[in-house]
Every structure is written in structure tokens, then in C-alpha cells.
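J.: Structure file query_22.pdb (PDB, C-alpha atoms) right here:
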MODEL        1
ATOM      1  CA  MET A 166      17.624 -57.118  75.512
ATOM      2  CA  THR A 167      16.975 -60.580  74.175
ATOM      3  CA  GLN A 168      13.689 -61.699  72.765
ATOM      4  CA  PRO A 169      11.659 -63.539  75.440
ATOM      5  CA  MET A 170      10.789 -67.180  74.836
ATOM      6  CA  PRO A 171       7.402 -67.510  73.163
ATOM      7  CA  SER A 172       5.852 -68.912  76.338
ATOM      8  CA  GLU A 173       7.477 -66.571  78.883
ATOM      9  CA  GLU A 174       4.356 -64.485  79.453
ATOM     10  CA  ILE A 175       2.332 -67.637  79.848
ATOM     11  CA  LEU A 176       4.805 -69.190  82.284
ATOM     12  CA  GLY A 177       4.695 -66.048  84.388
ATOM     13  CA  ALA A 178       0.928 -66.379  84.721
ATOM     14  CA  VAL A 179       1.076 -69.950  86.034
ATOM     15  CA  ALA A 180       0.789 -70.323  89.813
ATOM     16  CA  PHE A 181       3.008 -73.335  90.412
ATOM     17  CA  ASP A 182       2.581 -75.046  93.775
ATOM     18  CA  ALA A 183       5.295 -75.596  96.383
ATOM     19  CA  ASP A 184       6.585 -78.549  94.339
ATOM     20  CA  GLY A 185       6.762 -76.425  91.187
ATOM     21  CA  LEU A 186       3.768 -78.212  89.672
ATOM     22  CA  VAL A 187       0.392 -77.228  88.253
ATOM     23  CA  ALA A 188      -2.581 -79.517  87.645
ATOM     24  CA  ALA A 189      -3.348 -80.119  83.963
ATOM     25  CA  ILE A 190      -6.613 -81.428  82.571
ATOM     26  CA  ALA A 191      -6.413 -83.104  79.161
ATOM     27  CA  GLN A 192      -9.642 -82.864  77.179
ATOM     28  CA  GLN A 193     -10.363 -84.264  73.716
ATOM     29  CA  HIS A 194     -10.862 -81.114  71.662
ATOM     30  CA  ASP A 195     -13.795 -82.236  69.514
ATOM     31  CA  THR A 196     -15.838 -84.583  71.698
ATOM     32  CA  GLY A 197     -15.216 -82.739  74.990
ATOM     33  CA  GLU A 198     -14.299 -85.985  76.741
ATOM     34  CA  VAL A 199     -12.092 -85.418  79.780
ATOM     35  CA  LEU A 200      -9.228 -87.852  79.264
ATOM     36  CA  MET A 201      -7.003 -87.456  82.308
ATOM     37  CA  LEU A 202      -5.636 -85.223  85.019
ATOM     38  CA  ALA A 203      -1.868 -84.954  85.159
ATOM     39  CA  TRP A 204       0.777 -82.521  86.380
ATOM     40  CA  MET A 205       3.108 -80.131  84.599
ATOM     41  CA  ASN A 206       6.199 -78.314  85.747
ATOM     42  CA  ARG A 207       7.728 -75.342  83.973
ATOM     43  CA  GLU A 208       9.747 -77.519  81.609
ATOM     44  CA  ALA A 209       6.722 -79.641  80.682
ATOM     45  CA  ILE A 210       4.811 -76.492  79.714
ATOM     46  CA  VAL A 211       7.721 -75.177  77.641
ATOM     47  CA  ARG A 212       8.096 -78.482  75.800
ATOM     48  CA  THR A 213       4.352 -78.776  75.235
ATOM     49  CA  LEU A 214       4.091 -75.295  73.745
ATOM     50  CA  ASP A 215       7.249 -75.697  71.697
ATOM     51  CA  SER A 216       6.578 -79.203  70.362
ATOM     52  CA  GLY A 217       2.799 -79.112  70.019
ATOM     53  CA  GLU A 218       2.504 -82.415  71.902
ATOM     54  CA  ALA A 219       1.620 -82.880  75.564
ATOM     55  CA  TRP A 220       4.436 -83.308  78.068
ATOM     56  CA  TYR A 221       3.793 -83.858  81.765
ATOM     57  CA  TRP A 222       5.691 -84.310  85.002
ATOM     58  CA  SER A 223       5.295 -87.788  86.428
ATOM     59  CA  ARG A 224       5.028 -87.440  90.201
ATOM     60  CA  SER A 225       5.418 -91.195  90.712
ATOM     61  CA  ARG A 226       8.515 -91.518  88.534
ATOM     62  CA  GLY A 227       9.912 -88.056  89.218
ATOM     63  CA  THR A 228      10.622 -87.448  85.528
ATOM     64  CA  LEU A 229       9.419 -85.466  82.566
ATOM     65  CA  TRP A 230       7.063 -87.558  80.526
ATOM     66  CA  HIS A 231       6.318 -87.201  76.844
ATOM     67  CA  LYS A 232       2.816 -88.650  76.707
ATOM     68  CA  GLY A 233       2.693 -91.561  74.294
ATOM     69  CA  GLU A 234       6.442 -91.820  73.784
ATOM     70  CA  ILE A 235       6.348 -95.542  74.576
ATOM     71  CA  SER A 236       2.816 -96.437  73.544
ATOM     72  CA  GLY A 237       2.480 -94.133  70.546
ATOM     73  CA  GLN A 238      -0.710 -92.694  72.115
ATOM     74  CA  THR A 239       0.432 -89.092  71.879
ATOM     75  CA  GLN A 240      -1.680 -85.991  72.503
ATOM     76  CA  LYS A 241      -1.448 -83.318  69.828
ATOM     77  CA  LEU A 242      -1.975 -79.898  71.375
ATOM     78  CA  VAL A 243      -4.971 -78.013  70.003
ATOM     79  CA  ASP A 244      -5.253 -75.302  72.647
ATOM     80  CA  PHE A 245      -3.523 -74.354  75.893
ATOM     81  CA  ARG A 246      -5.728 -72.612  78.463
ATOM     82  CA  LEU A 247      -5.181 -71.296  81.953
ATOM     83  CA  ASP A 248      -7.771 -70.721  84.658
ATOM     84  CA  CYS A 249      -8.607 -67.528  86.561
ATOM     85  CA  ASP A 250      -5.998 -67.846  89.284
ATOM     86  CA  GLY A 251      -3.414 -69.666  87.178
ATOM     87  CA  ASP A 252      -3.318 -72.852  89.251
ATOM     88  CA  ALA A 253      -4.885 -75.140  86.644
ATOM     89  CA  VAL A 254      -4.173 -75.754  82.984
ATOM     90  CA  LEU A 255      -6.650 -77.075  80.429
ATOM     91  CA  LEU A 256      -5.081 -78.787  77.433
ATOM     92  CA  LEU A 257      -7.376 -79.313  74.489
ATOM     93  CA  VAL A 258      -5.764 -82.190  72.639
ATOM     94  CA  ASP A 259      -6.238 -84.648  69.865
ATOM     95  CA  GLN A 260      -5.633 -87.960  71.613
ATOM     96  CA  LYS A 261      -4.223 -90.628  69.358
ATOM     97  CA  GLY A 262      -5.791 -93.935  70.381
ATOM     98  CA  VAL A 263      -6.543 -94.640  74.032
ATOM     99  CA  ALA A 264      -5.575 -92.229  76.780
ATOM    100  CA  ARG A 265      -3.832 -94.414  79.275
ATOM    101  CA  HIS A 266      -2.378 -97.580  80.589
ATOM    102  CA  THR A 267      -5.691 -99.269  81.333
ATOM    103  CA  GLY A 268      -6.412 -99.396  77.601
ATOM    104  CA  ARG A 269      -9.426 -97.120  77.957
ATOM    105  CA  ARG A 270      -9.924 -93.818  76.232
ATOM    106  CA  SER A 271     -10.591 -91.856  79.416
ATOM    107  CA  CYS A 272      -9.065 -92.402  82.843
ATOM    108  CA  PHE A 273     -12.420 -91.571  84.407
ATOM    109  CA  TYR A 274     -14.081 -94.914  83.793
ATOM    110  CA  ARG A 275     -15.402 -95.510  87.319
ATOM    111  CA  ALA A 276     -18.613 -93.849  88.477
ATOM    112  CA  SER A 277     -20.772 -93.756  91.553
ATOM    113  CA  ARG A 278     -23.744 -96.085  91.120
ATOM    114  CA  ASP A 279     -25.998 -96.785  94.111
ATOM    115  CA  GLY A 280     -23.260 -95.890  96.567
ATOM    116  CA  LYS A 281     -20.679 -98.117  94.887
ATOM    117  CA  LEU A 282     -18.126 -97.724  92.120
ATOM    118  CA  ALA A 283     -19.053 -99.185  88.753
ATOM    119  CA  GLU A 284     -16.957 -99.367  85.597
ATOM    120  CA  ILE A 285     -18.743 -97.441  82.867
ATOM    121  CA  ALA A 286     -16.282 -97.765  79.960
ATOM    122  CA  ALA A 287     -14.929-100.890  78.311
ATOM    123  CA  VAL A 288     -11.255-101.600  77.645
ATOM    124  CA  GLN A 289     -10.542-100.729  74.008
ATOM    125  CA  ILE A 290      -7.010-102.077  73.704
ATOM    126  CA  ASP A 291      -5.282-104.747  75.784
ATOM    127  CA  PRO A 292      -2.600-102.811  77.691
ATOM    128  CA  LYS A 293      -0.098-105.560  76.835
ATOM    129  CA  THR A 294      -0.349-104.655  73.185
ATOM    130  CA  LEU A 295       0.480-101.054  74.105
ATOM    131  CA  TYR A 296       3.437-101.654  76.361
ATOM    132  CA  GLY A 297       4.372-105.329  76.229
ATOM    133  CA  GLU A 298       4.430-106.435  79.862
ATOM    134  CA  GLY A 299       5.750-103.091  81.113
ATOM    135  CA  ALA A 300       3.898-100.035  82.318
ATOM    136  CA  GLY A 301       4.017 -96.390  81.381
ATOM    137  CA  GLY A 302       2.344 -93.664  79.415
TER     138      GLY A 302
ATOM    139  CA  MET H 300     -22.618-104.774 111.887
ATOM    140  CA  THR H 301     -23.988-101.433 110.815
ATOM    141  CA  GLN H 302     -24.841-100.536 107.279
ATOM    142  CA  PRO H 303     -21.969 -98.580 105.681
ATOM    143  CA  MET H 304     -22.644 -95.060 104.467
ATOM    144  CA  PRO H 305     -23.669 -95.044 100.816
ATOM    145  CA  SER H 306     -20.386 -93.510  99.775
ATOM    146  CA  GLU H 307     -18.020 -95.562 101.946
ATOM    147  CA  GLU H 308     -16.754 -97.774  99.107
ATOM    148  CA  ILE H 309     -16.216 -94.709  96.977
ATOM    149  CA  LEU H 310     -14.349 -92.855  99.717
ATOM    150  CA  GLY H 311     -12.078 -95.848 100.190
ATOM    151  CA  ALA H 312     -11.104 -95.715  96.525
ATOM    152  CA  VAL H 313     -10.046 -92.066  96.647
ATOM    153  CA  ALA H 314      -6.303 -91.449  96.970
ATOM    154  CA  PHE H 315      -6.281 -88.279  99.070
ATOM    155  CA  ASP H 316      -2.988 -86.384  99.099
ATOM    156  CA  ALA H 317      -0.930 -85.498 102.184
ATOM    157  CA  ASP H 318      -3.343 -82.627 102.902
ATOM    158  CA  GLY H 319      -6.344 -84.940 102.685
ATOM    159  CA  LEU H 320      -7.422 -83.448  99.349
ATOM    160  CA  VAL H 321      -8.161 -84.705  95.861
ATOM    161  CA  ALA H 322      -8.366 -82.640  92.673
ATOM    162  CA  ALA H 323     -11.877 -82.329  91.255
ATOM    163  CA  ILE H 324     -12.751 -81.291  87.712
ATOM    164  CA  ALA H 325     -16.235 -79.855  87.201
ATOM    165  CA  GLN H 326     -17.597 -80.412  83.706
ATOM    166  CA  GLN H 327     -20.944 -79.278  82.315
ATOM    167  CA  HIS H 328     -22.689 -82.590  81.677
ATOM    168  CA  ASP H 329     -24.345 -81.799  78.352
ATOM    169  CA  THR H 330     -21.976 -79.429  76.559
ATOM    170  CA  GLY H 331     -18.766 -81.010  77.858
ATOM    171  CA  GLU H 332     -17.386 -77.608  78.835
ATOM    172  CA  VAL H 333     -14.757 -77.832  81.570
ATOM    173  CA  LEU H 334     -15.914 -75.270  84.133
ATOM    174  CA  MET H 335     -13.288 -75.331  86.870
ATOM    175  CA  LEU H 336     -10.736 -77.292  88.826
ATOM    176  CA  ALA H 337     -11.241 -77.340  92.565
ATOM    177  CA  TRP H 338     -10.362 -79.523  95.544
ATOM    178  CA  MET H 339     -12.377 -81.890  97.700
ATOM    179  CA  ASN H 340     -11.681 -83.438 101.058
ATOM    180  CA  ARG H 341     -13.528 -86.437 102.471
ATOM    181  CA  GLU H 342     -16.339 -84.305 103.888
ATOM    182  CA  ALA H 343     -16.831 -82.431 100.605
ATOM    183  CA  ILE H 344     -17.280 -85.748  98.780
ATOM    184  CA  VAL H 345     -19.748 -87.027 101.377
ATOM    185  CA  ARG H 346     -21.805 -83.837 101.197
ATOM    186  CA  THR H 347     -21.718 -83.783  97.391
ATOM    187  CA  LEU H 348     -22.933 -87.366  97.123
ATOM    188  CA  ASP H 349     -25.516 -86.937  99.852
ATOM    189  CA  SER H 350     -26.916 -83.580  98.732
ATOM    190  CA  GLY H 351     -26.595 -83.903  94.973
ATOM    191  CA  GLU H 352     -24.886 -80.506  94.774
ATOM    192  CA  ALA H 353     -21.165 -79.838  94.497
ATOM    193  CA  TRP H 354     -19.212 -79.088  97.655
ATOM    194  CA  TYR H 355     -15.494 -78.334  97.621
ATOM    195  CA  TRP H 356     -12.670 -77.558 100.008
ATOM    196  CA  SER H 357     -11.388 -74.027  99.632
ATOM    197  CA  ARG H 358      -7.619 -74.142 100.045
ATOM    198  CA  SER H 359      -7.392 -70.349 100.253
ATOM    199  CA  ARG H 360     -10.090 -69.991 102.904
ATOM    200  CA  GLY H 361      -9.478 -73.327 104.630
ATOM    201  CA  THR H 362     -13.181 -74.121 104.741
ATOM    202  CA  LEU H 363     -15.780 -76.355 103.191
ATOM    203  CA  TRP H 364     -17.489 -74.543 100.376
ATOM    204  CA  HIS H 365     -20.954 -75.183  99.036
ATOM    205  CA  LYS H 366     -20.551 -73.965  95.462
ATOM    206  CA  GLY H 367     -23.065 -71.238  94.721
ATOM    207  CA  GLU H 368     -24.221 -70.780  98.302
ATOM    208  CA  ILE H 369     -23.610 -67.043  98.085
ATOM    209  CA  SER H 370     -24.076 -66.399  94.371
ATOM    210  CA  GLY H 371     -26.834 -68.923  93.693
ATOM    211  CA  GLN H 372     -24.678 -70.434  90.926
ATOM    212  CA  THR H 373     -24.891 -73.974  92.272
ATOM    213  CA  GLN H 374     -23.772 -77.137  90.513
ATOM    214  CA  LYS H 375     -26.284 -79.963  90.476
ATOM    215  CA  LEU H 376     -24.468 -83.296  90.460
ATOM    216  CA  VAL H 377     -25.188 -85.459  87.416
ATOM    217  CA  ASP H 378     -22.384 -87.995  87.759
ATOM    218  CA  PHE H 379     -19.446 -88.608  90.090
ATOM    219  CA  ARG H 380     -16.431 -90.297  88.474
ATOM    220  CA  LEU H 381     -13.022 -91.351  89.700
ATOM    221  CA  ASP H 382      -9.882 -91.894  87.633
ATOM    222  CA  CYS H 383      -7.676 -94.989  87.362
ATOM    223  CA  ASP H 384      -5.480 -94.346  90.377
ATOM    224  CA  GLY H 385      -8.097 -92.528  92.430
ATOM    225  CA  ASP H 386      -6.277 -89.206  92.671
ATOM    226  CA  ALA H 387      -8.694 -87.192  90.541
ATOM    227  CA  VAL H 388     -12.458 -86.780  90.572
ATOM    228  CA  LEU H 389     -14.602 -85.777  87.612
ATOM    229  CA  LEU H 390     -17.919 -84.175  88.527
ATOM    230  CA  LEU H 391     -20.438 -84.000  85.729
ATOM    231  CA  VAL H 392     -22.684 -81.158  86.793
ATOM    232  CA  ASP H 393     -25.458 -78.918  85.685
ATOM    233  CA  GLN H 394     -24.046 -75.464  86.332
ATOM    234  CA  LYS H 395     -26.654 -72.872  87.163
ATOM    235  CA  GLY H 396     -25.531 -69.602  85.575
ATOM    236  CA  VAL H 397     -21.865 -68.703  85.398
ATOM    237  CA  ALA H 398     -19.193 -70.879  86.985
ATOM    238  CA  ARG H 399     -17.203 -68.422  88.957
ATOM    239  CA  HIS H 400     -16.311 -65.107  90.405
ATOM    240  CA  THR H 401     -15.092 -63.551  87.163
ATOM    241  CA  GLY H 402     -18.638 -63.721  85.817
ATOM    242  CA  ARG H 403     -17.661 -66.141  83.070
ATOM    243  CA  ARG H 404     -19.080 -69.577  82.530
ATOM    244  CA  SER H 405     -15.726 -71.355  82.547
ATOM    245  CA  CYS H 406     -12.649 -70.498  84.594
ATOM    246  CA  PHE H 407     -10.470 -71.398  81.624
ATOM    247  CA  TYR H 408     -10.986 -68.214  79.648
ATOM    248  CA  ARG H 409      -7.344 -67.441  78.925
ATOM    249  CA  ALA H 410      -5.547 -69.209  76.085
ATOM    250  CA  SER H 411      -2.127 -69.213  74.494
ATOM    251  CA  ARG H 412      -2.143 -67.101  71.336
ATOM    252  CA  ASP H 413       1.160 -66.355  69.604
ATOM    253  CA  GLY H 414       3.135 -66.882  72.782
ATOM    254  CA  LYS H 415       0.884 -64.659  74.863
ATOM    255  CA  LEU H 416      -2.266 -65.070  76.904
ATOM    256  CA  ALA H 417      -5.492 -63.904  75.317
ATOM    257  CA  GLU H 418      -8.971 -63.794  76.811
ATOM    258  CA  ILE H 419     -11.219 -66.017  74.738
ATOM    259  CA  ALA H 420     -14.523 -65.744  76.630
ATOM    260  CA  ALA H 421     -16.552 -62.693  77.468
ATOM    261  CA  VAL H 422     -17.885 -61.811  80.909
ATOM    262  CA  GLN H 423     -21.535 -62.862  81.058
ATOM    263  CA  ILE H 424     -22.495 -61.337  84.392
ATOM    264  CA  ASP H 425     -20.894 -58.453  86.249
ATOM    265  CA  PRO H 426     -19.355 -60.090  89.345
ATOM    266  CA  LYS H 427     -20.783 -57.271  91.482
ATOM    267  CA  THR H 428     -24.276 -58.447  90.687
ATOM    268  CA  LEU H 429     -23.298 -61.914  91.924
ATOM    269  CA  TYR H 430     -21.595 -60.997  95.158
ATOM    270  CA  GLY H 431     -22.010 -57.315  95.787
ATOM    271  CA  GLU H 432     -18.518 -55.990  96.417
ATOM    272  CA  GLY H 433     -17.342 -59.161  98.154
ATOM    273  CA  ALA H 434     -15.721 -62.279  96.752
ATOM    274  CA  GLY H 435     -16.487 -65.961  96.940
ATOM    275  CA  GLY H 436     -18.133 -68.820  95.166
TER     276      GLY H 436
ENDMDL
END
How would this structure read if it were set down as C-alpha cells?
T.:
Amino acid sequence: MTQPMPSEEILGAVAFDADGLVAAIAQQHDTGEVLMLAWMNREAIVRTLDSGEAWYWSRSRGTLWHKGEISGQTQKLVDFRLDCDGDAVLLLVDQKGVARHTGRRSCFYRASRDGKLAEIAAVQIDPKTLYGEGAGG
Amino acid sequence: MTQPMPSEEILGAVAFDADGLVAAIAQQHDTGEVLMLAWMNREAIVRTLDSGEAWYWSRSRGTLWHKGEISGQTQKLVDFRLDCDGDAVLLLVDQKGVARHTGRRSCFYRASRDGKLAEIAAVQIDPKTLYGEGAGG
């Protein structure tokens, strides 16, 4: 009998959806700021646990996605948590720089104000300096 | 021309999936603790914004779900936020009591420890005192 992979027990507890995906919340470990919601498949979880940096599945591009590979804005894994019924993952991370392509730290920068959406966080880095003219994570 | 509903602009910015749902993260507004991941449809968002308490769509029961209606563990809405591409909602809430049916404050009480899952949060309330012998939110 071979030794199971380190994350085999964990993988078995994840309730992947019909597309083989599970929702993953990335939260800054020290400030508690919720940075983004993304998706992971089995391989993304394995790579995240093995490498100590967040990997996701990009639904729009249909590819594995090493967060920050292009921009350098990686997420160092601090803790990997699973919810009661296994259909959501919480990644406590140390986010290097801004979280995403809008140049803001959190993706959740729009809030309900008087029945409308208002932007509540300023751009910290011009996205062009992160990616050139391209787009990505 | 009639006055639009207060939340009409917000609803238009939400990218509901093929099932008419959007992922919603509930976060305790003052401590930053991520309590749970749930789902909202259009009606759940309208009721949440109108009532000031969190409503969700239960995928398992196929019904609207006023969080805490049975257990009394309601979530008072503090802020309603939307991410960059509109496919995730962040609810900042004031959670009354424990978050969910396991009697713990957060659903994310299992964490990766040495390749296995360990429980990192104690039960605060016996679920039977919340619901009797039944189940629900």
C-alpha cells in the first residue's frame, strides 16, 4: 500500500460541484479583509497545498491559474479551511500587493449606497503597470 | 415613468449564473471573521436589501431562506458589496449568536493540519438547543 498524498484526506472531504469545482474565498490572514472569490478544482487544491501559494481554476479561461504568476501579486498560503458541508474553501493568505486586475486590494470595492452602487476603495496601482496592456491575474 | 426599486441598479450589476444564483460570503463586520458561504437569487437580494437582514437561496431545499428564522441566529446587514465582475457578493453582517447548524460561529472550522483535516473551533451551542431535533438555518 502506497503512502497517500498529503492532501488526500482533505480532497476526499471537498464536495466538488458538477463541474468539478469548489468556491474558494481568499482572505488576508492578518487584517481579515476578504480579497476575492475564485474557484478551485482538485488540481488547484493539490498545487496550493503542495506549493504554499494559491492556485485557482479560471472558469473564463478554462485553465489552472497560479495567482500572481504574471503580475507578481502572489498569495502565500497561511491556512486552508473547509466549511461544514465541504462545498466552500477559505484560504487565509498573505497577499503580495494588490489582489486583482483592477489595481485594488480587494475585489469587493463596490457597495450599496442609497440604492445605488458606489466605489468605496481607491485604485492603488495602475493595472497597466501590473500587466502592461494585457489582462490576467 | 415609475421610480425604480431602490436595488434595481444593484440587481442589474449582479452576474447571476445559469441557475439564477450568485455566491454570497457572509463576514462578521467588526471581527472580520468569515462566517459562511451561501447563495442568493434575485429575490434573496431584494429581501436582504429591503429588510436589512440576510436572506439566501437554499440550493438543497430549493427555497428562499431567511437566515435565523428558525434558530433566531439572524444576520443584520451592515454592508452589501459586489466584486469586480459581479459574480460574488460580500455581506458584512452582525451575526446574532452562532452562524450555523453545527453550533459553531463560523462554518469554516476544519483546517488542513499535516495533510489531514483538524477541527479548529469548538461547538458553542448544542445544535439541539437551536433547532430541537430538526435541521435548518
J.: Taking the file as shown, find all residues satisfying the ChimeraX specification (/A :<9) & /H and write them as a ChimeraX atom specification.
T.: /H:304-309,312,322,324,326,330-333,335-337,348,378-384,386-389,399-401,405-416
J.: For the residues selected in the previous step, produce a file with C-alpha atoms as a short mmCIF file (atom, residue, chain, number, x, y, z; two decimals), in the coordinates of the input.
T.:
data_model
loop_
_atom_site.label_atom_id
_atom_site.label_comp_id
_atom_site.auth_asym_id
_atom_site.auth_seq_id
_atom_site.Cartn_x
_atom_site.Cartn_y
_atom_site.Cartn_z
CA MET H 304 -22.64 -95.06 104.47
CA PRO H 305 -23.67 -95.04 100.82
CA SER H 306 -20.39 -93.51 99.78
CA GLU H 307 -18.02 -95.56 101.95
CA GLU H 308 -16.75 -97.77 99.11
CA ILE H 309 -16.22 -94.71 96.98
CA ALA H 312 -11.10 -95.72 96.52
CA ALA H 322 -8.37 -82.64 92.67
CA ILE H 324 -12.75 -81.29 87.71
CA GLN H 326 -17.60 -80.41 83.71
CA THR H 330 -21.98 -79.43 76.56
CA GLY H 331 -18.77 -81.01 77.86
CA GLU H 332 -17.39 -77.61 78.83
CA VAL H 333 -14.76 -77.83 81.57
CA MET H 335 -13.29 -75.33 86.87
CA LEU H 336 -10.74 -77.29 88.83
CA ALA H 337 -11.24 -77.34 92.56
CA LEU H 348 -22.93 -87.37 97.12
CA ASP H 378 -22.38 -88.00 87.76
CA PHE H 379 -19.45 -88.61 90.09
CA ARG H 380 -16.43 -90.30 88.47
CA LEU H 381 -13.02 -91.35 89.70
CA ASP H 382 -9.88 -91.89 87.63
CA CYS H 383 -7.68 -94.99 87.36
CA ASP H 384 -5.48 -94.35 90.38
CA ASP H 386 -6.28 -89.21 92.67
CA ALA H 387 -8.69 -87.19 90.54
CA VAL H 388 -12.46 -86.78 90.57
CA LEU H 389 -14.60 -85.78 87.61
CA ARG H 399 -17.20 -68.42 88.96
CA HIS H 400 -16.31 -65.11 90.40
CA THR H 401 -15.09 -63.55 87.16
CA SER H 405 -15.73 -71.36 82.55
CA CYS H 406 -12.65 -70.50 84.59
CA PHE H 407 -10.47 -71.40 81.62
CA TYR H 408 -10.99 -68.21 79.65
CA ARG H 409 -7.34 -67.44 78.92
CA ALA H 410 -5.55 -69.21 76.08
CA SER H 411 -2.13 -69.21 74.49
CA ARG H 412 -2.14 -67.10 71.34
CA ASP H 413 1.16 -66.36 69.60
CA GLY H 414 3.14 -66.88 72.78
CA LYS H 415 0.88 -64.66 74.86
CA LEU H 416 -2.27 -65.07 76.90
#
J.: By how many Å are atom CA of A:Thr213 and atom CA of H:Phe315 apart?
T.: 27.8 Å
J.: As JSON, please: the centre and edge lengths in Å, to one decimal, of an axis-aligned box enclosing every listed atom of stretch 337-348 of chain H with 8 Å added on each side.
T.:
{"center_x": -16.6, "center_y": -82.4, "center_z": 98.2, "size_x": 28.6, "size_y": 26.0, "size_z": 27.3}
J.: Could you spell out the hits of the PyMOL selection byres ((chain A and resi 238) around 7) on the shown file, as a CSV table (one decimal) with C-alpha atoms, keeping the file's coordinate frame?
T.:
chain,number,residue,atom,x,y,z
A,233,GLY,CA,2.7,-91.6,74.3
A,236,SER,CA,2.8,-96.4,73.5
A,237,GLY,CA,2.5,-94.1,70.5
A,239,THR,CA,0.4,-89.1,71.9
A,240,GLN,CA,-1.7,-86.0,72.5
A,260,GLN,CA,-5.6,-88.0,71.6
A,261,LYS,CA,-4.2,-90.6,69.4
A,262,GLY,CA,-5.8,-93.9,70.4
A,263,VAL,CA,-6.5,-94.6,74.0
A,264,ALA,CA,-5.6,-92.2,76.8
J.: Report, in Å to a single decimal, how far apart atom CA of H:Arg360 and atom CA of H:Ala420 are.
T.: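 Between atom CA of H:Ala420 and atom CA of H:Arg360 the gap works out to 27.0 Å.
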J.: Do you know which residues the PyMOL selection byres ((chain H and resi 352) around 6) returns on this file, as an mmCIF file with C-alpha atoms, in the frame of the given file?
T.:
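Output file expr-v3.cif is given in full below:
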data_model
loop_
_atom_site.group_PDB
_atom_site.id
_atom_site.type_symbol
_atom_site.label_atom_id
_atom_site.label_comp_id
_atom_site.auth_asym_id
_atom_site.auth_seq_id
_atom_site.Cartn_x
_atom_site.Cartn_y
_atom_site.Cartn_z
ATOM 1 C CA THR H 347 -21.718 -83.783 97.391
ATOM 2 C CA SER H 350 -26.916 -83.580 98.732
ATOM 3 C CA GLY H 351 -26.595 -83.903 94.973
ATOM 4 C CA ALA H 353 -21.165 -79.838 94.497
ATOM 5 C CA GLN H 374 -23.772 -77.137 90.513
ATOM 6 C CA LYS H 375 -26.284 -79.963 90.476
ATOM 7 C CA LEU H 376 -24.468 -83.296 90.460
#
J.: Go ahead and compute the interatomic distance for atom CA of H:Val313 and atom CA of A:Arg270, in Å to one decimal.
T.: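 For atom CA of H:Val313 relative to atom CA of A:Arg270, the distance reads 20.5 Å.
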J.: Quick one: everything within 9 Å of H:Ala343, counting all atoms listed in the file, minus sequence neighbours fewer than 2 positions away in the same chain. Send it as number ranges by chain.
T.: H: 338-341, 345-348, 353-356, 363-365
